[in-house]
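The data block below is final_25.tsv; it holds TSV, C-alpha atoms and all ligand atoms.
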chain	number	residue	atom	x	y	z
D	25	MET	CA	105.37	93.92	129.56
D	26	THR	CA	106.13	92.34	132.92
D	27	SER	CA	106.62	95.55	134.89
D	28	PRO	CA	106.68	95.19	138.70
D	29	ALA	CA	103.26	96.87	138.88
D	30	GLN	CA	101.73	94.35	136.53
D	31	GLY	CA	103.54	91.18	137.58
D	32	LYS	CA	103.79	88.19	135.31
D	33	PRO	CA	100.56	87.90	133.27
D	34	ARG	CA	98.85	84.52	133.66
D	35	THR	CA	96.08	85.20	131.19
D	36	ILE	CA	95.59	87.76	128.46
D	37	ASP	CA	93.06	89.49	130.77
D	38	ASP	CA	96.02	90.44	133.00
D	39	LEU	CA	97.72	92.39	130.20
D	40	ASP	CA	97.85	96.14	130.16
D	41	THR	CA	96.40	97.60	126.95
D	42	PRO	CA	96.85	98.07	124.10
D	43	ALA	CA	98.31	94.57	123.86
D	44	MET	CA	99.06	92.36	120.89
D	45	VAL	CA	98.32	88.68	121.39
D	46	VAL	CA	98.57	85.60	119.19
D	47	ASP	CA	96.73	82.34	119.71
D	48	MET	CA	99.37	79.61	119.49
D	49	ASP	CA	96.95	76.92	118.29
D	50	LYS	CA	95.41	79.09	115.58
D	51	LEU	CA	98.85	80.18	114.41
D	52	GLN	CA	99.99	76.56	114.19
D	53	ALA	CA	96.77	75.62	112.35
D	54	ASN	CA	97.37	78.39	109.77
D	55	ILE	CA	101.02	77.37	109.36
D	56	ASN	CA	99.94	73.74	108.87
D	57	GLU	CA	97.19	74.65	106.38
D	58	LEU	CA	99.60	76.66	104.25
D	59	GLN	CA	102.19	73.88	104.34
D	60	ALA	CA	99.59	71.20	103.52
D	61	TYR	CA	98.42	73.22	100.51
D	62	CYS	CA	102.01	73.54	99.25
D	63	ASP	CA	102.74	69.84	99.84
D	64	THR	CA	99.57	68.79	98.01
D	65	HIS	CA	100.44	70.87	94.96
D	66	GLY	CA	104.20	70.38	94.88
D	67	LEU	CA	104.96	74.02	95.65
D	68	ASN	CA	107.75	75.18	97.91
D	69	ASN	CA	106.58	77.20	100.89
D	70	ARG	CA	108.56	80.37	101.59
D	71	PRO	CA	106.63	82.23	104.30
D	72	HIS	CA	107.17	85.97	104.39
D	73	ILE	CA	108.33	86.90	107.90
D	74	LYS	CA	107.40	90.58	107.53
D	75	THR	CA	104.03	89.65	109.07
D	76	HIS	CA	105.29	88.39	112.44
D	77	LYS	CA	108.99	89.45	112.48
D	78	VAL	CA	109.59	86.84	115.19
D	79	THR	CA	112.48	84.37	114.98
D	80	TYR	CA	110.59	81.71	116.99
D	81	ILE	CA	107.67	81.83	114.56
D	82	ALA	CA	110.02	81.53	111.57
D	83	LYS	CA	111.35	78.37	113.24
D	84	LEU	CA	107.81	77.00	113.62
D	85	GLN	CA	107.26	77.59	109.90
D	86	LEU	CA	110.51	75.87	108.94
D	87	ASP	CA	109.76	72.97	111.30
D	88	ALA	CA	106.41	72.55	109.53
D	89	GLY	CA	108.23	72.13	106.20
D	90	ALA	CA	108.92	75.57	104.73
D	91	THR	CA	111.92	75.41	102.40
D	92	GLY	CA	113.09	78.91	103.31
D	93	ILE	CA	111.83	82.32	104.33
D	94	ALA	CA	111.24	85.65	102.62
D	95	CYS	CA	112.20	89.00	104.16
D	96	GLN	CA	111.49	92.53	102.95
D	97	LYS	CA	114.48	94.39	104.39
D	98	LEU	CA	118.14	93.51	104.95
D	99	GLY	CA	117.78	94.24	108.68
D	100	GLU	CA	115.11	91.52	108.90
D	101	VAL	CA	117.51	89.07	107.23
D	102	GLU	CA	120.25	89.94	109.75
D	103	VAL	CA	117.91	89.31	112.69
D	104	MET	CA	116.86	85.93	111.31
D	105	VAL	CA	120.43	84.85	110.53
D	106	GLU	CA	121.61	85.92	113.99
D	107	ALA	CA	118.97	83.59	115.42
D	108	GLY	CA	120.41	80.70	113.41
D	109	ILE	CA	117.83	80.78	110.63
D	110	THR	CA	120.11	80.16	107.70
D	111	GLY	CA	119.51	78.25	104.51
D	112	ASP	CA	117.45	79.66	101.71
D	113	ILE	CA	116.53	83.27	102.45
D	114	MET	CA	114.92	85.52	99.85
D	115	LEU	CA	115.19	89.28	100.27
D	116	CYS	CA	112.48	90.93	98.18
D	117	TYR	CA	114.11	94.30	97.83
D	118	ASN	CA	116.51	96.26	95.60
D	119	VAL	CA	119.52	96.59	97.90
D	120	MET	CA	121.91	99.43	97.06
D	121	GLY	CA	124.41	101.85	98.60
D	122	ALA	CA	127.79	101.06	100.19
D	123	GLN	CA	126.46	100.68	103.75
D	124	LYS	CA	123.89	98.07	102.82
D	125	LEU	CA	126.07	96.29	100.25
D	126	GLU	CA	128.79	95.76	102.88
D	127	ARG	CA	126.19	94.31	105.26
D	128	LEU	CA	124.84	92.15	102.44
D	129	ARG	CA	128.29	90.74	101.72
D	130	ALA	CA	128.72	89.92	105.43
D	131	VAL	CA	125.37	88.17	105.71
D	132	SER	CA	125.91	86.26	102.43
D	133	GLN	CA	128.88	84.58	104.13
D	134	LEU	CA	126.52	83.10	106.71
D	135	THR	CA	123.51	81.98	104.63
D	136	ASP	CA	122.37	81.31	101.08
D	137	ILE	CA	120.63	84.45	100.01
D	138	THR	CA	118.56	85.37	96.97
D	139	LEU	CA	117.73	88.98	96.18
D	140	THR	CA	114.97	90.21	93.93
D	141	ILE	CA	116.11	93.04	91.67
D	142	ASP	CA	114.67	95.05	88.80
D	143	SER	CA	117.59	97.04	87.39
D	144	GLU	CA	121.12	96.67	86.09
D	145	TYR	CA	122.11	99.33	88.63
D	146	THR	CA	121.12	97.04	91.50
D	147	ALA	CA	122.67	93.96	89.87
D	148	ARG	CA	126.02	95.67	89.27
D	149	GLY	CA	126.11	97.09	92.80
D	150	ILE	CA	125.55	93.67	94.35
D	151	SER	CA	128.08	92.06	92.02
D	152	ALA	CA	130.73	94.65	92.93
D	153	TYR	CA	130.42	93.87	96.64
D	154	ALA	CA	129.75	90.09	96.46
D	155	ASP	CA	132.27	87.70	97.98
D	156	PRO	CA	133.33	85.39	95.09
D	157	ASN	CA	133.41	82.49	97.56
D	158	HIS	CA	129.76	83.11	98.48
D	159	PRO	CA	127.93	84.07	95.28
D	160	ILE	CA	124.66	85.92	95.75
D	161	ASN	CA	121.58	84.64	93.91
D	162	LEU	CA	119.51	87.13	91.98
D	163	VAL	CA	115.97	86.77	90.71
D	164	VAL	CA	114.47	89.29	88.35
D	165	GLU	CA	111.26	90.90	89.53
D	166	LEU	CA	108.70	91.15	86.74
D	167	ALA	CA	106.15	93.95	87.12
D	168	MET	CA	102.57	92.80	87.50
D	169	PRO	CA	99.69	94.53	85.69
D	170	ASP	CA	97.56	96.74	87.95
D	171	PHE	CA	100.21	97.07	90.65
D	172	GLU	CA	102.41	100.06	90.15
D	173	ARG	CA	105.33	99.15	92.39
D	174	THR	CA	108.70	97.67	91.46
D	175	GLY	CA	109.49	95.26	88.63
D	176	VAL	CA	110.83	95.17	85.08
D	177	GLN	CA	107.95	96.20	82.84
D	178	THR	CA	108.20	93.58	80.07
D	179	GLN	CA	109.37	89.98	79.76
D	180	GLU	CA	111.79	91.09	77.03
D	181	ASP	CA	113.48	93.58	79.38
D	182	ALA	CA	113.43	91.01	82.17
D	183	LEU	CA	115.30	88.54	79.95
D	184	ALA	CA	117.82	91.23	78.95
D	185	LEU	CA	118.48	91.90	82.65
D	186	ALA	CA	118.81	88.18	83.35
D	187	LYS	CA	121.44	87.93	80.60
D	188	VAL	CA	123.42	90.77	82.19
D	189	ILE	CA	123.26	88.99	85.57
D	190	ASP	CA	124.41	85.76	83.92
D	191	LYS	CA	127.71	87.38	82.95
D	192	LEU	CA	128.42	89.33	86.15
D	193	PRO	CA	130.91	87.96	88.71
D	194	GLY	CA	129.80	87.11	92.23
D	195	VAL	CA	126.13	86.73	91.36
D	196	HIS	CA	124.03	83.88	90.00
D	197	PHE	CA	120.78	84.19	88.00
D	198	ARG	CA	118.23	82.04	89.82
D	199	GLY	CA	114.88	82.93	88.33
D	200	LEU	CA	111.83	85.16	88.46
D	201	MET	CA	109.75	86.78	91.17
D	202	MET	CA	106.35	88.45	90.97
D	203	TYR	CA	104.04	90.26	93.37
D	204	PRO	CA	101.11	90.15	93.54
D	205	THR	CA	99.85	87.26	91.40
D	206	THR	CA	96.22	87.59	92.38
D	207	LYS	CA	94.42	88.70	89.23
D	208	PRO	CA	94.07	86.49	86.13
D	209	GLU	CA	96.02	88.98	83.98
D	210	GLN	CA	98.85	88.96	86.53
D	211	GLN	CA	98.90	85.16	86.51
D	212	GLN	CA	98.92	85.10	82.71
D	213	THR	CA	101.80	87.58	82.59
D	214	ALA	CA	103.77	85.44	85.03
D	215	ALA	CA	103.07	82.20	83.16
D	216	ALA	CA	103.99	83.74	79.80
D	217	ALA	CA	107.28	85.08	81.19
D	218	ARG	CA	108.33	81.69	82.43
D	219	GLU	CA	107.71	80.14	78.99
D	220	TYR	CA	109.48	83.04	77.31
D	221	PHE	CA	112.57	82.55	79.47
D	222	GLU	CA	112.56	78.81	78.76
D	223	ARG	CA	112.21	79.35	75.01
D	224	ASN	CA	115.16	81.74	75.13
D	225	GLY	CA	117.51	79.32	76.89
D	226	LEU	CA	117.50	80.82	80.38
D	227	ALA	CA	115.12	78.55	82.28
D	228	PRO	CA	114.36	79.96	85.72
D	229	GLU	CA	115.27	77.62	88.56
D	230	ILE	CA	112.64	79.28	90.72
D	231	VAL	CA	109.51	81.23	89.92
D	232	SER	CA	108.39	82.87	93.14
D	233	GLY	CA	104.83	84.14	93.36
D	234	GLY	CA	101.93	84.38	95.66
D	235	GLY	CA	100.75	86.16	98.72
D	236	SER	CA	97.87	85.48	101.06
D	237	VAL	CA	95.09	86.45	98.69
D	238	ASP	CA	95.98	84.05	95.89
D	239	PHE	CA	97.82	81.21	97.56
D	240	HIS	CA	94.83	78.85	97.32
D	241	ASP	CA	94.86	79.36	93.53
D	242	LEU	CA	98.51	79.23	92.76
D	243	HIS	CA	98.56	75.56	91.75
D	244	ARG	CA	96.17	76.33	88.88
D	245	ILE	CA	98.79	78.45	87.20
D	246	PRO	CA	101.73	76.80	85.52
D	247	HIS	CA	104.18	79.48	86.56
D	248	ALA	CA	105.07	79.12	90.17
D	249	THR	CA	107.57	76.92	91.95
D	250	GLU	CA	107.02	78.58	95.32
D	251	VAL	CA	104.62	80.71	97.34
D	252	ARG	CA	105.48	83.65	99.61
D	253	VAL	CA	102.65	84.01	102.09
D	254	GLY	CA	102.81	86.42	105.01
D	255	THR	CA	99.51	87.67	106.38
D	256	PHE	CA	97.59	84.37	106.25
D	257	ASN	CA	99.74	83.06	109.10
D	258	TYR	CA	98.20	85.67	111.44
D	259	GLY	CA	95.08	86.82	109.56
D	260	ASP	CA	93.64	90.31	109.53
D	261	ARG	CA	90.52	92.19	108.46
D	262	ASN	CA	91.71	92.49	104.84
D	263	THR	CA	92.37	88.76	104.58
D	264	VAL	CA	88.88	88.04	105.92
D	265	ALA	CA	87.29	90.65	103.62
D	266	ASN	CA	89.07	89.02	100.66
D	267	GLY	CA	87.43	85.71	101.58
D	268	VAL	CA	90.71	83.92	102.32
D	269	MET	CA	89.92	83.13	105.96
D	270	THR	CA	87.40	83.75	108.74
D	271	TYR	CA	87.70	85.84	111.89
D	272	GLU	CA	87.64	82.56	113.79
D	273	GLN	CA	90.90	81.59	112.04
D	274	CYS	CA	92.69	84.87	112.80
D	275	ALA	CA	95.50	84.06	115.23
D	276	GLN	CA	96.40	87.64	116.07
D	277	HIS	CA	94.28	90.20	117.86
D	278	PHE	CA	94.77	93.37	119.86
D	279	ILE	CA	93.24	94.09	123.22
D	280	CYS	CA	92.14	97.68	123.76
D	281	THR	CA	90.29	99.52	126.51
D	282	VAL	CA	87.37	101.90	126.00
D	283	VAL	CA	88.79	105.08	127.53
D	284	SER	CA	85.96	107.48	126.70
D	285	LYS	CA	82.32	107.52	125.60
D	286	PRO	CA	81.77	111.16	124.64
D	287	THR	CA	78.32	110.43	123.16
D	288	PRO	CA	76.05	107.37	123.30
D	289	ASP	CA	77.01	106.56	119.70
D	290	ARG	CA	80.78	107.04	119.95
D	291	VAL	CA	83.42	105.28	122.00
D	292	ILE	CA	87.15	105.93	122.02
D	293	LEU	CA	89.71	103.11	122.29
D	294	ASP	CA	93.25	103.45	123.66
D	295	GLY	CA	94.73	102.45	120.27
D	296	GLY	CA	95.05	104.65	117.19
D	297	THR	CA	97.56	104.92	114.35
D	298	LYS	CA	100.49	104.18	116.67
D	299	THR	CA	98.88	100.84	117.51
D	300	PHE	CA	97.19	99.81	114.26
D	301	THR	CA	98.80	102.07	111.58
D	302	SER	CA	96.47	103.95	109.24
D	303	ASP	CA	96.19	101.12	106.70
D	304	MET	CA	92.88	101.38	104.89
D	305	PRO	CA	90.71	98.44	103.81
D	306	GLN	CA	91.95	96.75	100.60
D	307	LEU	CA	88.46	96.33	99.18
D	308	ASP	CA	86.02	99.16	98.53
D	309	ASP	CA	83.82	99.29	101.57
D	310	PRO	CA	80.92	101.70	102.02
D	311	ARG	CA	81.35	101.49	105.81
D	312	SER	CA	85.12	101.85	105.62
D	313	THR	CA	86.77	101.04	108.95
D	314	PHE	CA	90.26	100.71	110.37
D	315	CYS	CA	89.46	97.49	112.20
D	316	HIS	CA	86.93	94.85	113.19
D	317	ILE	CA	85.91	94.57	116.83
D	318	LEU	CA	85.08	90.95	117.61
D	319	GLU	CA	82.57	91.67	120.41
D	320	TYR	CA	80.90	94.46	118.41
D	321	PRO	CA	80.87	93.46	114.73
D	322	GLU	CA	78.62	96.40	113.79
D	323	ALA	CA	81.04	98.94	115.28
D	324	ARG	CA	83.12	101.00	112.86
D	325	MET	CA	86.45	102.67	113.63
D	326	PHE	CA	85.84	105.62	111.33
D	327	ALA	CA	88.90	107.67	112.36
D	328	GLN	CA	92.09	107.42	114.35
D	329	SER	CA	94.35	109.84	116.13
D	330	GLU	CA	97.81	108.72	117.18
D	331	GLU	CA	96.62	107.20	120.44
D	332	HIS	CA	92.84	107.12	120.02
D	333	GLY	CA	90.57	104.93	117.93
D	334	HIS	CA	87.28	106.72	117.16
D	335	VAL	CA	84.51	104.14	116.98
D	336	ASP	CA	80.94	104.63	115.78
D	337	VAL	CA	78.73	102.25	117.75
D	338	SER	CA	75.39	103.61	116.54
D	339	LEU	CA	74.51	100.32	114.81
D	340	CYS	CA	75.39	98.13	117.79
D	341	GLU	CA	72.52	96.53	119.73
D	342	ARG	CA	74.37	97.05	122.99
D	343	THR	CA	77.27	99.46	123.23
D	344	PRO	CA	80.62	99.16	125.02
D	345	GLN	CA	81.11	100.94	128.33
D	346	ILE	CA	84.02	103.01	129.62
D	347	GLY	CA	86.67	100.69	131.05
D	348	GLU	CA	85.55	97.70	128.95
D	349	ARG	CA	88.18	95.70	127.07
D	350	VAL	CA	87.58	94.78	123.45
D	351	SER	CA	89.31	92.47	120.93
D	352	VAL	CA	90.38	94.22	117.76
D	353	ILE	CA	91.47	92.82	114.38
D	354	PRO	CA	93.19	95.56	112.35
D	355	ASN	CA	93.01	95.94	108.58
D	356	HIS	CA	96.66	94.96	108.19
D	357	ALA	CA	98.44	92.63	110.60
D	358	CYS	CA	101.99	93.28	109.38
D	359	GLY	CA	102.06	97.05	109.94
D	360	ALA	CA	100.36	96.79	113.33
D	361	THR	CA	102.88	94.14	114.43
D	362	ASN	CA	105.71	96.56	113.69
D	363	ASN	CA	104.41	98.83	116.48
D	364	PHE	CA	105.05	96.30	119.25
D	365	ASP	CA	108.18	95.07	121.07
D	366	GLU	CA	106.69	91.74	122.12
D	367	VAL	CA	103.97	89.37	121.14
D	368	VAL	CA	102.08	87.60	123.90
D	369	MET	CA	101.44	84.00	122.88
D	370	HIS	CA	98.43	82.29	124.47
D	371	ARG	CA	96.31	79.15	124.44
D	372	ASN	CA	92.64	79.76	125.20
D	373	GLY	CA	93.68	82.99	126.91
D	374	GLU	CA	96.42	81.41	129.08
D	375	VAL	CA	99.74	83.14	128.43
D	376	VAL	CA	102.28	80.55	127.26
D	377	ALA	CA	105.16	82.78	126.12
D	378	ILE	CA	106.14	86.37	125.48
D	379	TRP	CA	108.29	86.52	122.37
D	380	PRO	CA	110.42	89.51	121.38
D	381	ILE	CA	109.73	90.93	117.92
D	382	TRP	CA	113.40	91.32	117.11
D	383	ALA	CA	112.81	92.30	113.47
D	384	ARG	CA	110.40	95.14	114.22
D	385	GLY	CA	111.48	98.51	112.96
D	386	LYS	CA	114.18	97.05	110.69
D	387	ILE	CA	113.50	99.41	107.83
D	388	ARG	CA	117.08	99.47	106.53
R	1	LIG	C1	107.23	90.84	97.77
R	1	LIG	C2	106.15	90.30	98.63
R	1	LIG	N1	105.94	88.98	98.71
R	1	LIG	C3	105.00	88.44	99.49
R	1	LIG	C4	104.19	89.24	100.25
R	1	LIG	C5	103.19	88.59	101.14
R	1	LIG	O1	101.92	89.01	100.97
R	1	LIG	P1	100.78	88.65	102.00
R	1	LIG	O2	101.11	89.31	103.29
R	1	LIG	O3	99.55	89.16	101.39
R	1	LIG	O4	100.78	87.17	102.14
R	1	LIG	C6	104.34	90.63	100.18
R	1	LIG	C7	103.46	91.54	100.95
R	1	LIG	O5	103.54	92.73	100.94
R	1	LIG	C8	105.36	91.18	99.37
R	1	LIG	O6	105.56	92.51	99.28
Rewrite the structure of this file - the entire thing - as structure tokens.
Amino acid sequence: MTSPAQGKPRTIDDLDTPAMVVDMDKLQANINELQAYCDTHGLNNRPHIKTHKVTYIAKLQLDAGATGIACQKLGEVEVMVEAGITGDIMLCYNVMGAQKLERLRAVSQLTDITLTIDSEYTARGISAYADPNHPINLVVELAMPDFERTGVQTQEDALALAKVIDKLPGVHFRGLMMYPTTKPEQQQTAAAAREYFERNGLAPEIVSGGGSVDFHDLHRIPHATEVRVGTFNYGDRNTVANGVMTYEQCAQHFICTVVSKPTPDRVILDGGTKTFTSDMPQLDDPRSTFCHILEYPEARMFAQSEEHGHVDVSLCERTPQIGERVSVIPNHACGATNNFDEVVMHRNGEVVAIWPIWARGKIR
């Protein structure tokens, strides 16, 4: 970032492109809003660090009052723990295989850790490797309707798994986890499961739900003890399209340069899938685009190559010129973040810090 040719950037206009920048004040405002919501409604705040992957930002979230963090991969946990972020870490992933289970045992000696699991196979593997002096917490992931990812399919099977965990050495049953809890039927499923567990004598200590789209609603549902919000801290085009925040609130944006204008109606940016990923919009969108360009809201990135963003500017009143820099908000902040080594932190465009994204690329 600070190559001899470039020198130390004073403002974000000095940065070579594509660049990823985050507005410090907007980030802090989003962190504070999330924390204030949780405080008002008596929910614990467990921000998901997969969005930013930056140890310094995790510390800002904990300083604001978060009770712990969530990670998606063991490698992300290791990075956080190495930076001194210990306490209550949730790893939302079925961890298995000798290599990972040995690493898990090592990290469990340094921090309290809670894993989300959805099978006896995973539970027994973790139990076999757990250090009896540092028991590992397990929460059962309950599958949510309309989201065909992980999770035990019924509350009955979830309880049966919890009972297995309860008897295994080295592990401790801590509660339930769900994702996502956005739709009413998902919230009802989650609420019913909690009651079912309580009726059957295995009251969950934590019920972990949420995500950016539903965090403003979580207090209405009598199921959650905590919220895991990632994207809202940065903001992205999907979060805006879902009505959760405005572009004005988005802390993160990408600076790109127009490198070609092959026709009057089409410009090409110096960022494609290797900058933004190919994440599609979450909501059905007749003018489907890979990003929003702040200076040209009518522009549409209709295609991407690895290093090129193909932008239709036919609906723009004025069109960008070759060499012009534009500010881009991608569909999905978390994936785009994973493409960068550093995040440039700024206040009103003045660079205040360049933070390494230590947890980028930690897919194991
Ligand atoms: C398990 C889990 N929890 C929480 C989140 C956070 O969701 P969001 O980034 O929408 O806040 C995610 C996102 O993928 C997730 O997979």
Can you pull out the residues contacting D:Val46? Cut-off 9 Å, using all atoms listed in the file, and skip same-chain residues under 3 positions away; I want them as a ChimeraX atom specification.
/D:49-51,258,274-278,367-371
Would you list the residues near (90.9, 98.7, 130.6) (no more than 8 Å away, in the coordinates of the file, using only C-alpha atoms) as a ChimeraX atom specification?
/D:40-41,280-283,347-349
Write the residues of the selection above to a file with C-alpha atoms, as a PDB file, keeping the file's coordinate frame.
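The new file selection-v1.pdb reads:
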ATOM      1  CA  ASP D  40      97.850  96.140 130.160  1.00  0.00           C
ATOM      2  CA  THR D  41      96.400  97.600 126.950  1.00  0.00           C
ATOM      3  CA  CYS D 280      92.140  97.680 123.760  1.00  0.00           C
ATOM      4  CA  THR D 281      90.290  99.520 126.510  1.00  0.00           C
ATOM      5  CA  VAL D 282      87.370 101.900 126.000  1.00  0.00           C
ATOM      6  CA  VAL D 283      88.790 105.080 127.530  1.00  0.00           C
ATOM      7  CA  GLY D 347      86.670 100.690 131.050  1.00  0.00           C
ATOM      8  CA  GLU D 348      85.550  97.700 128.950  1.00  0.00           C
ATOM      9  CA  ARG D 349      88.180  95.700 127.070  1.00  0.00           C
TER      10      ARG D 349
END
Name the residues, by chain letter and number, that sit within 7 Å of ligand LIG 1 (chain R) using all atoms listed in the file, and give them as a ChimeraX atom specification.
/D:72,75,96,116,203,234-237,252-256
I'd like to know which of D:Ala167, D:Ala227, D:Ile346, D:Ala377 is closest to D:Gln211, using all atoms listed in the file.
D:Ala167
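Atom CA of D:Leu125 sits 8.8 Å away from atom CA of D:Ala152.
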Within 12 Å of file point (92.9, 99.4, 104.9), counting all atoms listed in the file, expressed as a VMD selection string
chain D and resid 260 to 263 265 to 266 297 300 to 309 311 to 316 325 to 327 353 to 360
So the first atom is atom CA of D:Met104 and the second is atom CA of D:Ile279; what is the distance between them in Å, to one decimal place?
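Those two atoms sit 27.7 Å apart.
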Restricting to all atoms listed in the file, whichever of D:Val45, D:Ala147, D:Val176, D:Ala107 is closest to D:Thr135 is D:Ala107
Restricting the calculation to all atoms listed in the file, which member of D:Arg127, D:Arg173, D:Arg34, D:His65 is positioned closest to D:Asp155?
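Closest residue, counting all atoms listed in the file: D:Arg127.
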Let me know the centre plus edge lengths, in Å and rounded to one decimal, of a box with edges along x, y and z that contains all listed atoms of stretch 142-158 of chain D and is padded by 5 Å on every side, as AutoDock Vina command-line options.
--center_x 124.0 --center_y 90.9 --center_z 92.3 --size_x 28.7 --size_y 26.8 --size_z 22.4
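Interatomic distance, atom CA of D:Arg129 to atom CA of D:Ile109: 17.0 Å.
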For D:Gly233, please output as a compact mmCIF listing (two decimals) with C-alpha atoms, in the coordinates of the input all residues within 7 Å (counting all atoms listed in the file; exclusion window: fewer than 4 positions along the same chain).
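Saved file selection-v2.txt follows:
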# COMPACT_ATOMS: atom_id res chain seq x y z
CA MET D 201 109.75 86.78 91.17
CA MET D 202 106.35 88.45 90.97
CA TYR D 203 104.04 90.26 93.37
CA THR D 205 99.85 87.26 91.40
CA ALA D 248 105.07 79.12 90.17
CA GLU D 250 107.02 78.58 95.32
CA VAL D 251 104.62 80.71 97.34
CA ARG D 252 105.48 83.65 99.61
Using all atoms listed in the file, which of D:Gly31, D:Gly121, D:Pro246, D:Gly194 sits nearest D:Leu67?
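Under the stated criterion, the closest residue is D:Pro246.
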Counting only C-alpha atoms, the option among D:Leu185, D:Ile81, D:Val376, D:Leu58 closest to D:Tyr145
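Among the listed residues, D:Leu185 lies closest to D:Tyr145.
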Fewer than 2 positions away in the same chain doesn't count, so skip those; otherwise give me all residues within 12 Å of D:Pro344, counting all atoms listed in the file, as number ranges by chain.
D: 280-285, 287-293, 317-323, 335-342, 346-351
Give me the residues within 6 Å of D:Gly92 as number ranges by chain, counting all atoms listed in the file and dropping any in the same chain fewer than 4 places off.
D: 70, 112-113
Name the residues in contact with D:Ser329 at a cut-off of 9 Å, using only C-alpha atoms, excluding same-chain residues fewer than 5 positions from it; report them as a ChimeraX atom specification.
/D:295-298,334
Would you mind putting back N, CA and C atoms on stretch 305-318 of chain D, then writing it out as a short mmCIF file (atom, residue, chain, number, x, y, z; two decimals), in the coordinates of the input?
data_model
loop_
_atom_site.label_atom_id
_atom_site.label_comp_id
_atom_site.auth_asym_id
_atom_site.auth_seq_id
_atom_site.Cartn_x
_atom_site.Cartn_y
_atom_site.Cartn_z
N PRO D 305 91.15 99.74 104.35
CA PRO D 305 90.71 98.44 103.81
C PRO D 305 91.18 98.27 102.37
N GLN D 306 91.51 97.02 101.99
CA GLN D 306 91.95 96.75 100.60
C GLN D 306 90.78 96.83 99.63
N LEU D 307 89.61 96.35 100.08
CA LEU D 307 88.46 96.33 99.18
C LEU D 307 87.61 97.57 99.43
N ASP D 308 86.94 98.05 98.37
CA ASP D 308 86.02 99.16 98.53
C ASP D 308 84.96 98.77 99.54
N ASP D 309 84.68 99.64 100.45
CA ASP D 309 83.82 99.29 101.57
C ASP D 309 83.03 100.53 101.95
N PRO D 310 81.70 100.51 101.74
CA PRO D 310 80.92 101.70 102.02
C PRO D 310 81.00 102.11 103.49
N ARG D 311 81.21 101.14 104.39
CA ARG D 311 81.35 101.49 105.81
C ARG D 311 82.81 101.34 106.21
N SER D 312 83.68 101.98 105.46
CA SER D 312 85.12 101.85 105.62
C SER D 312 85.53 101.98 107.10
N THR D 313 86.35 101.05 107.54
CA THR D 313 86.77 101.04 108.95
C THR D 313 88.24 100.66 109.06
N PHE D 314 88.85 101.05 110.17
CA PHE D 314 90.26 100.71 110.37
C PHE D 314 90.43 99.36 111.06
N CYS D 315 89.32 98.76 111.50
CA CYS D 315 89.46 97.49 112.20
C CYS D 315 88.10 96.81 112.36
N HIS D 316 88.15 95.58 112.84
CA HIS D 316 86.93 94.85 113.19
C HIS D 316 87.01 94.57 114.69
N ILE D 317 85.92 94.84 115.39
CA ILE D 317 85.91 94.57 116.83
C ILE D 317 85.08 93.31 117.06
N LEU D 318 85.73 92.27 117.56
CA LEU D 318 85.08 90.95 117.61
C LEU D 318 83.78 90.98 118.41
#
